[in-house]
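Here is model_34.cif, consisting of mmCIF, N, CA, C and O atoms:
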data_final
#
loop_
_atom_site.label_atom_id
_atom_site.label_comp_id
_atom_site.auth_asym_id
_atom_site.auth_seq_id
_atom_site.Cartn_x
_atom_site.Cartn_y
_atom_site.Cartn_z
N MET R 1 17.15 12.21 4.55
CA MET R 1 17.74 10.96 4.97
C MET R 1 17.98 10.04 3.77
O MET R 1 18.99 9.37 3.69
N LEU R 2 17.02 9.99 2.84
CA LEU R 2 17.19 9.13 1.67
C LEU R 2 18.38 9.56 0.82
O LEU R 2 19.09 8.72 0.27
N GLY R 3 18.57 10.87 0.71
CA GLY R 3 19.69 11.37 -0.07
C GLY R 3 21.03 10.93 0.50
O GLY R 3 21.94 10.53 -0.23
N ILE R 4 21.16 11.00 1.81
CA ILE R 4 22.40 10.57 2.47
C ILE R 4 22.59 9.06 2.27
O ILE R 4 23.70 8.60 1.97
N THR R 5 21.51 8.31 2.41
CA THR R 5 21.60 6.86 2.22
C THR R 5 22.04 6.54 0.80
O THR R 5 22.93 5.70 0.59
N GLU R 6 21.44 7.19 -0.18
CA GLU R 6 21.83 6.97 -1.58
C GLU R 6 23.30 7.25 -1.79
O GLU R 6 24.00 6.50 -2.48
N GLN R 7 23.79 8.34 -1.22
CA GLN R 7 25.19 8.73 -1.38
C GLN R 7 26.13 7.70 -0.76
O GLN R 7 27.10 7.28 -1.40
N VAL R 8 25.85 7.27 0.45
CA VAL R 8 26.70 6.29 1.14
C VAL R 8 26.70 4.96 0.40
O VAL R 8 27.75 4.34 0.21
N VAL R 9 25.53 4.53 -0.06
CA VAL R 9 25.42 3.27 -0.80
C VAL R 9 26.23 3.35 -2.10
O VAL R 9 26.98 2.43 -2.43
N ALA R 10 26.10 4.44 -2.83
CA ALA R 10 26.80 4.59 -4.10
C ALA R 10 28.32 4.68 -3.90
O ALA R 10 29.08 4.01 -4.60
N GLU R 11 28.75 5.49 -2.95
CA GLU R 11 30.18 5.68 -2.72
C GLU R 11 30.88 4.41 -2.26
O GLU R 11 32.04 4.18 -2.59
N ASN R 12 30.18 3.59 -1.49
CA ASN R 12 30.79 2.40 -0.91
C ASN R 12 30.36 1.10 -1.57
O ASN R 12 30.71 0.03 -1.10
N ARG R 13 29.57 1.25 -2.66
CA ARG R 13 29.09 0.07 -3.41
C ARG R 13 28.45 -0.95 -2.49
O ARG R 13 28.78 -2.12 -2.50
N LEU R 14 27.50 -0.48 -1.69
CA LEU R 14 26.83 -1.31 -0.71
C LEU R 14 25.50 -1.85 -1.24
O LEU R 14 24.91 -1.27 -2.15
N THR R 15 25.05 -2.91 -0.64
CA THR R 15 23.70 -3.40 -0.88
C THR R 15 22.82 -2.85 0.23
O THR R 15 23.20 -2.88 1.40
N CYS R 16 21.67 -2.35 -0.13
CA CYS R 16 20.76 -1.75 0.85
C CYS R 16 19.37 -2.33 0.66
O CYS R 16 18.89 -2.42 -0.46
N LEU R 17 18.74 -2.70 1.75
CA LEU R 17 17.39 -3.23 1.71
C LEU R 17 16.44 -2.17 2.26
O LEU R 17 16.64 -1.66 3.35
N MET R 18 15.43 -1.83 1.47
CA MET R 18 14.45 -0.84 1.89
C MET R 18 13.09 -1.52 1.95
O MET R 18 12.67 -2.18 1.00
N VAL R 19 12.42 -1.38 3.06
CA VAL R 19 11.08 -1.93 3.22
C VAL R 19 10.11 -0.76 3.22
O VAL R 19 10.24 0.17 4.02
N THR R 20 9.15 -0.78 2.28
CA THR R 20 8.22 0.34 2.15
C THR R 20 6.89 -0.13 1.58
O THR R 20 6.83 -1.16 0.92
N HIS R 21 5.87 0.64 1.83
CA HIS R 21 4.58 0.42 1.19
C HIS R 21 4.38 1.44 0.07
O HIS R 21 3.37 1.42 -0.61
N ASN R 22 5.36 2.32 -0.12
CA ASN R 22 5.29 3.35 -1.14
C ASN R 22 5.98 2.83 -2.41
O ASN R 22 7.20 2.84 -2.51
N MET R 23 5.20 2.36 -3.35
CA MET R 23 5.76 1.76 -4.55
C MET R 23 6.56 2.75 -5.39
O MET R 23 7.54 2.38 -6.02
N GLN R 24 6.16 4.01 -5.38
CA GLN R 24 6.91 4.99 -6.16
C GLN R 24 8.32 5.14 -5.60
O GLN R 24 9.29 5.20 -6.34
N SER R 25 8.46 5.18 -4.28
CA SER R 25 9.79 5.26 -3.66
C SER R 25 10.62 4.03 -4.01
O SER R 25 11.81 4.13 -4.31
N ALA R 26 9.99 2.87 -3.96
CA ALA R 26 10.71 1.63 -4.29
C ALA R 26 11.22 1.66 -5.73
O ALA R 26 12.35 1.27 -6.01
N LEU R 27 10.39 2.14 -6.64
CA LEU R 27 10.80 2.20 -8.05
C LEU R 27 11.84 3.28 -8.29
O LEU R 27 12.75 3.10 -9.10
N ASP R 28 11.75 4.39 -7.58
CA ASP R 28 12.70 5.49 -7.76
C ASP R 28 14.08 5.15 -7.22
O ASP R 28 15.09 5.56 -7.78
N LEU R 29 14.13 4.42 -6.13
CA LEU R 29 15.39 4.25 -5.40
C LEU R 29 16.07 2.91 -5.61
O LEU R 29 17.26 2.79 -5.44
N GLY R 30 15.34 1.89 -5.94
CA GLY R 30 15.92 0.56 -6.00
C GLY R 30 16.36 0.13 -7.38
O GLY R 30 16.11 0.79 -8.37
N SER R 31 17.04 -1.02 -7.41
CA SER R 31 17.42 -1.63 -8.68
C SER R 31 16.72 -2.98 -8.85
O SER R 31 16.80 -3.60 -9.90
N ARG R 32 16.05 -3.40 -7.79
CA ARG R 32 15.28 -4.65 -7.82
C ARG R 32 14.05 -4.44 -6.94
O ARG R 32 14.15 -3.83 -5.88
N THR R 33 12.92 -4.95 -7.36
CA THR R 33 11.69 -4.82 -6.59
C THR R 33 11.14 -6.21 -6.29
O THR R 33 10.94 -7.01 -7.21
N ILE R 34 10.93 -6.46 -5.01
CA ILE R 34 10.35 -7.72 -4.56
C ILE R 34 9.10 -7.37 -3.78
O ILE R 34 9.15 -6.56 -2.86
N MET R 35 7.98 -7.96 -4.16
CA MET R 35 6.72 -7.72 -3.45
C MET R 35 6.35 -9.00 -2.71
O MET R 35 6.46 -10.10 -3.26
N MET R 36 5.93 -8.81 -1.46
CA MET R 36 5.56 -9.95 -0.64
C MET R 36 4.12 -9.82 -0.17
O MET R 36 3.60 -8.72 -0.04
N ASP R 37 3.50 -10.97 0.06
CA ASP R 37 2.15 -11.03 0.62
C ASP R 37 2.10 -12.20 1.58
O ASP R 37 2.41 -13.33 1.19
N ARG R 38 1.77 -11.92 2.82
CA ARG R 38 1.66 -12.96 3.85
C ARG R 38 2.93 -13.79 3.96
O ARG R 38 2.90 -15.02 4.08
N GLY R 39 4.09 -13.12 3.86
CA GLY R 39 5.38 -13.79 4.03
C GLY R 39 5.91 -14.52 2.82
O GLY R 39 6.95 -15.17 2.89
N ARG R 40 5.23 -14.40 1.69
CA ARG R 40 5.66 -15.09 0.48
C ARG R 40 5.98 -14.08 -0.62
O ARG R 40 5.28 -13.09 -0.77
N VAL R 41 7.03 -14.37 -1.37
CA VAL R 41 7.37 -13.53 -2.52
C VAL R 41 6.35 -13.79 -3.62
O VAL R 41 6.15 -14.93 -4.04
N ILE R 42 5.70 -12.70 -4.06
CA ILE R 42 4.69 -12.85 -5.13
C ILE R 42 5.10 -12.14 -6.41
O ILE R 42 4.46 -12.29 -7.44
N PHE R 43 6.19 -11.34 -6.33
CA PHE R 43 6.64 -10.58 -7.49
C PHE R 43 8.10 -10.23 -7.27
O PHE R 43 8.48 -9.78 -6.20
N ASP R 44 8.93 -10.47 -8.27
CA ASP R 44 10.36 -10.19 -8.18
C ASP R 44 10.84 -9.76 -9.55
O ASP R 44 10.76 -10.53 -10.51
N VAL R 45 11.32 -8.53 -9.67
CA VAL R 45 11.73 -8.02 -10.98
C VAL R 45 12.95 -7.10 -10.85
O VAL R 45 13.11 -6.40 -9.86
N LYS R 46 13.81 -7.15 -11.86
CA LYS R 46 14.97 -6.27 -11.93
C LYS R 46 15.34 -6.06 -13.39
O LYS R 46 14.72 -6.63 -14.28
N GLY R 47 16.32 -5.22 -13.62
CA GLY R 47 16.82 -5.00 -14.97
C GLY R 47 15.83 -4.30 -15.89
O GLY R 47 15.05 -3.45 -15.47
N GLU R 48 15.86 -4.70 -17.17
CA GLU R 48 15.03 -4.06 -18.20
C GLU R 48 13.54 -4.14 -17.89
O GLU R 48 12.81 -3.20 -18.11
N LYS R 49 13.08 -5.27 -17.39
CA LYS R 49 11.65 -5.42 -17.09
C LYS R 49 11.22 -4.42 -16.02
O LYS R 49 10.12 -3.88 -16.07
N ARG R 50 12.08 -4.16 -15.07
CA ARG R 50 11.76 -3.24 -13.98
C ARG R 50 11.74 -1.79 -14.46
O ARG R 50 10.92 -1.00 -14.02
N ARG R 51 12.62 -1.44 -15.38
CA ARG R 51 12.72 -0.06 -15.86
C ARG R 51 11.42 0.44 -16.48
O ARG R 51 11.13 1.61 -16.46
N GLY R 52 10.62 -0.44 -17.01
CA GLY R 52 9.39 -0.04 -17.67
C GLY R 52 8.19 0.06 -16.74
O GLY R 52 7.10 0.41 -17.18
N LEU R 53 8.37 -0.26 -15.47
CA LEU R 53 7.23 -0.26 -14.55
C LEU R 53 6.95 1.12 -13.99
O LEU R 53 7.84 1.94 -13.84
N SER R 54 5.69 1.32 -13.66
CA SER R 54 5.28 2.55 -12.99
C SER R 54 4.44 2.18 -11.78
O SER R 54 3.99 1.04 -11.64
N GLN R 55 4.21 3.13 -10.92
CA GLN R 55 3.40 2.90 -9.73
C GLN R 55 2.01 2.39 -10.12
O GLN R 55 1.43 1.56 -9.43
N GLU R 56 1.49 2.88 -11.22
CA GLU R 56 0.15 2.48 -11.66
C GLU R 56 0.06 0.97 -11.94
O GLU R 56 -0.99 0.37 -11.77
N TYR R 57 1.15 0.37 -12.37
CA TYR R 57 1.16 -1.07 -12.62
C TYR R 57 0.74 -1.83 -11.38
O TYR R 57 -0.02 -2.80 -11.45
N PHE R 58 1.18 -1.40 -10.23
CA PHE R 58 0.92 -2.11 -8.98
C PHE R 58 -0.49 -1.89 -8.44
O PHE R 58 -0.97 -2.67 -7.63
N VAL R 59 -1.15 -0.84 -8.90
CA VAL R 59 -2.54 -0.61 -8.49
C VAL R 59 -3.42 -1.76 -8.94
O VAL R 59 -4.33 -2.18 -8.24
N TYR R 60 -3.11 -2.30 -10.11
CA TYR R 60 -3.92 -3.37 -10.68
C TYR R 60 -3.29 -4.75 -10.53
O TYR R 60 -3.79 -5.71 -11.07
N PHE R 61 -2.20 -4.82 -9.77
CA PHE R 61 -1.50 -6.09 -9.57
C PHE R 61 -2.39 -7.04 -8.79
O PHE R 61 -2.88 -6.71 -7.71
N LYS R 62 -2.62 -8.22 -9.32
CA LYS R 62 -3.50 -9.20 -8.68
C LYS R 62 -2.69 -10.12 -7.78
O LYS R 62 -1.72 -10.73 -8.23
N ILE R 63 -3.09 -10.22 -6.54
CA ILE R 63 -2.41 -11.12 -5.58
C ILE R 63 -3.06 -12.48 -5.64
O ILE R 63 -4.23 -12.63 -5.71
#

Step by step, read the file and then write its structure as C-alpha coordinates.
Amino acid sequence: MLGITEQVVAENRLTCLMVTHNMQSALDLGSRTIMMDRGRVIFDVKGEKRRGLSQEYFVYFKI
(Lines of atoms letter the chains of each structure in order from A and count residues from 1; the text may use other names and numbers.)
(Lines give C-alpha, C1' and ligand atoms only; values in the text may rest on other atoms or scores of the structure.)
Protein backbone atom coordinates (compact mmCIF):
# COMPACT_ATOMS: atom_id res chain seq x y z
CA MET A 1 0.00 0.00 0.00
CA LEU A 2 2.82 2.43 0.82
CA GLY A 3 4.42 1.81 -2.56
CA ILE A 4 1.22 2.69 -4.40
CA THR A 5 0.78 5.79 -2.25
CA GLU A 6 4.36 6.91 -2.97
CA GLN A 7 3.81 6.43 -6.70
CA VAL A 8 0.52 8.36 -6.82
CA VAL A 9 1.95 11.20 -4.71
CA ALA A 10 5.07 11.48 -6.90
CA GLU A 11 3.25 11.25 -10.23
CA ASN A 12 0.64 13.83 -9.29
CA ARG A 13 2.85 16.08 -7.14
CA LEU A 14 0.49 15.74 -4.19
CA THR A 15 0.88 16.58 -0.54
CA CYS A 16 0.28 13.59 1.70
CA LEU A 17 -0.11 13.50 5.46
CA MET A 18 0.94 10.32 7.23
CA VAL A 19 0.18 9.74 10.90
CA THR A 20 2.36 7.06 12.49
CA HIS A 21 4.12 6.03 15.66
CA ASN A 22 6.84 4.37 13.58
CA MET A 23 9.59 6.96 13.35
CA GLN A 24 11.60 4.95 10.85
CA SER A 25 8.65 4.95 8.42
CA ALA A 26 8.20 8.69 8.93
CA LEU A 27 11.87 9.33 8.16
CA ASP A 28 11.92 6.96 5.18
CA LEU A 29 8.80 8.28 3.50
CA GLY A 30 8.39 11.93 4.37
CA SER A 31 10.09 15.19 3.53
CA ARG A 32 9.06 16.89 6.77
CA THR A 33 8.66 15.46 10.26
CA ILE A 34 6.38 16.98 12.87
CA MET A 35 6.15 15.41 16.32
CA MET A 36 3.23 16.16 18.59
CA ASP A 37 2.56 15.58 22.27
CA ARG A 38 -0.83 16.18 23.87
CA GLY A 39 -2.04 18.13 20.83
CA ARG A 40 0.96 20.44 20.64
CA VAL A 41 3.78 20.53 18.10
CA ILE A 42 7.00 19.79 19.97
CA PHE A 43 9.32 19.14 17.01
CA ASP A 44 9.22 20.26 13.37
CA VAL A 45 12.07 19.63 10.94
CA LYS A 46 12.64 19.46 7.18
CA GLY A 47 15.40 19.87 4.63
CA GLU A 48 19.07 19.39 5.49
CA LYS A 49 18.47 19.12 9.25
CA ARG A 50 16.01 16.28 8.68
CA ARG A 51 18.30 14.33 6.33
CA GLY A 52 20.77 13.73 9.14
CA LEU A 53 18.26 12.26 11.58
CA SER A 54 17.87 8.61 12.45
CA GLN A 55 15.29 6.68 14.43
CA GLU A 56 17.76 6.53 17.32
CA TYR A 57 17.62 10.33 17.67
CA PHE A 58 13.98 10.09 18.74
CA VAL A 59 14.64 7.42 21.37
CA TYR A 60 16.40 10.06 23.44
CA PHE A 61 14.17 12.98 22.43
CA LYS A 62 13.06 14.80 25.58
CA ILE A 63 9.44 15.96 25.71

Would you mind reading off the distance between atom O of Leu14 (chain R) and atom C of Leu29 (chain R), one decimal, in Å? 10.4 Å

Taking the file as shown, find all residues satisfying the PyMOL selection byres ((chain R and resi 21-27) around 8) and write them as a list of chain:residue names.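 Given this file, the PyMOL selection byres ((chain R and resi 21-27) around 8) evaluates to R:Met18, R:Val19, R:Thr20, R:Asp28, R:Leu29, R:Gly30, R:Ser31, R:Arg32, R:Thr33, R:Ile34, R:Arg50, R:Arg51, R:Leu53, R:Ser54, R:Gln55, R:Glu56, R:Phe58.
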
Can you tell me, as an NGL selection string, which residues in chain R count as alpha helix (DSSP H) by DSSP? :R and (2-12 or 23-29 or 47-51 or 55-59)

Once 5 Å is added on each side, what are the centre and the three edge lengths, in Å to one decimal, of the axis-aligned box enclosing the listed atoms of region 21-38 of chain R? Present them as lines of an AutoDock Vina configuration file.
center_x = 9.5
center_y = -4.7
center_z = -2.9
size_x = 25.8
size_y = 30.6
size_z = 24.0

If DSSP is run on the backbone, what residues of region 8-45 of chain R are strand (DSSP E or B)? A reply as a PyMOL selection string would be ideal. chain R and resi 32-37+40-45

What does the distance between atom N of Leu2 (chain R) and atom O of Glu48 (chain R) come to in Å, to one decimal place?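 For atom N of Leu2 (chain R) relative to atom O of Glu48 (chain R), the distance reads 25.1 Å.
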
By how many Å are atom C of Gly3 (chain R) and CA of Thr15 (chain R) apart?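 Between these atoms lies a distance of 14.6 Å.
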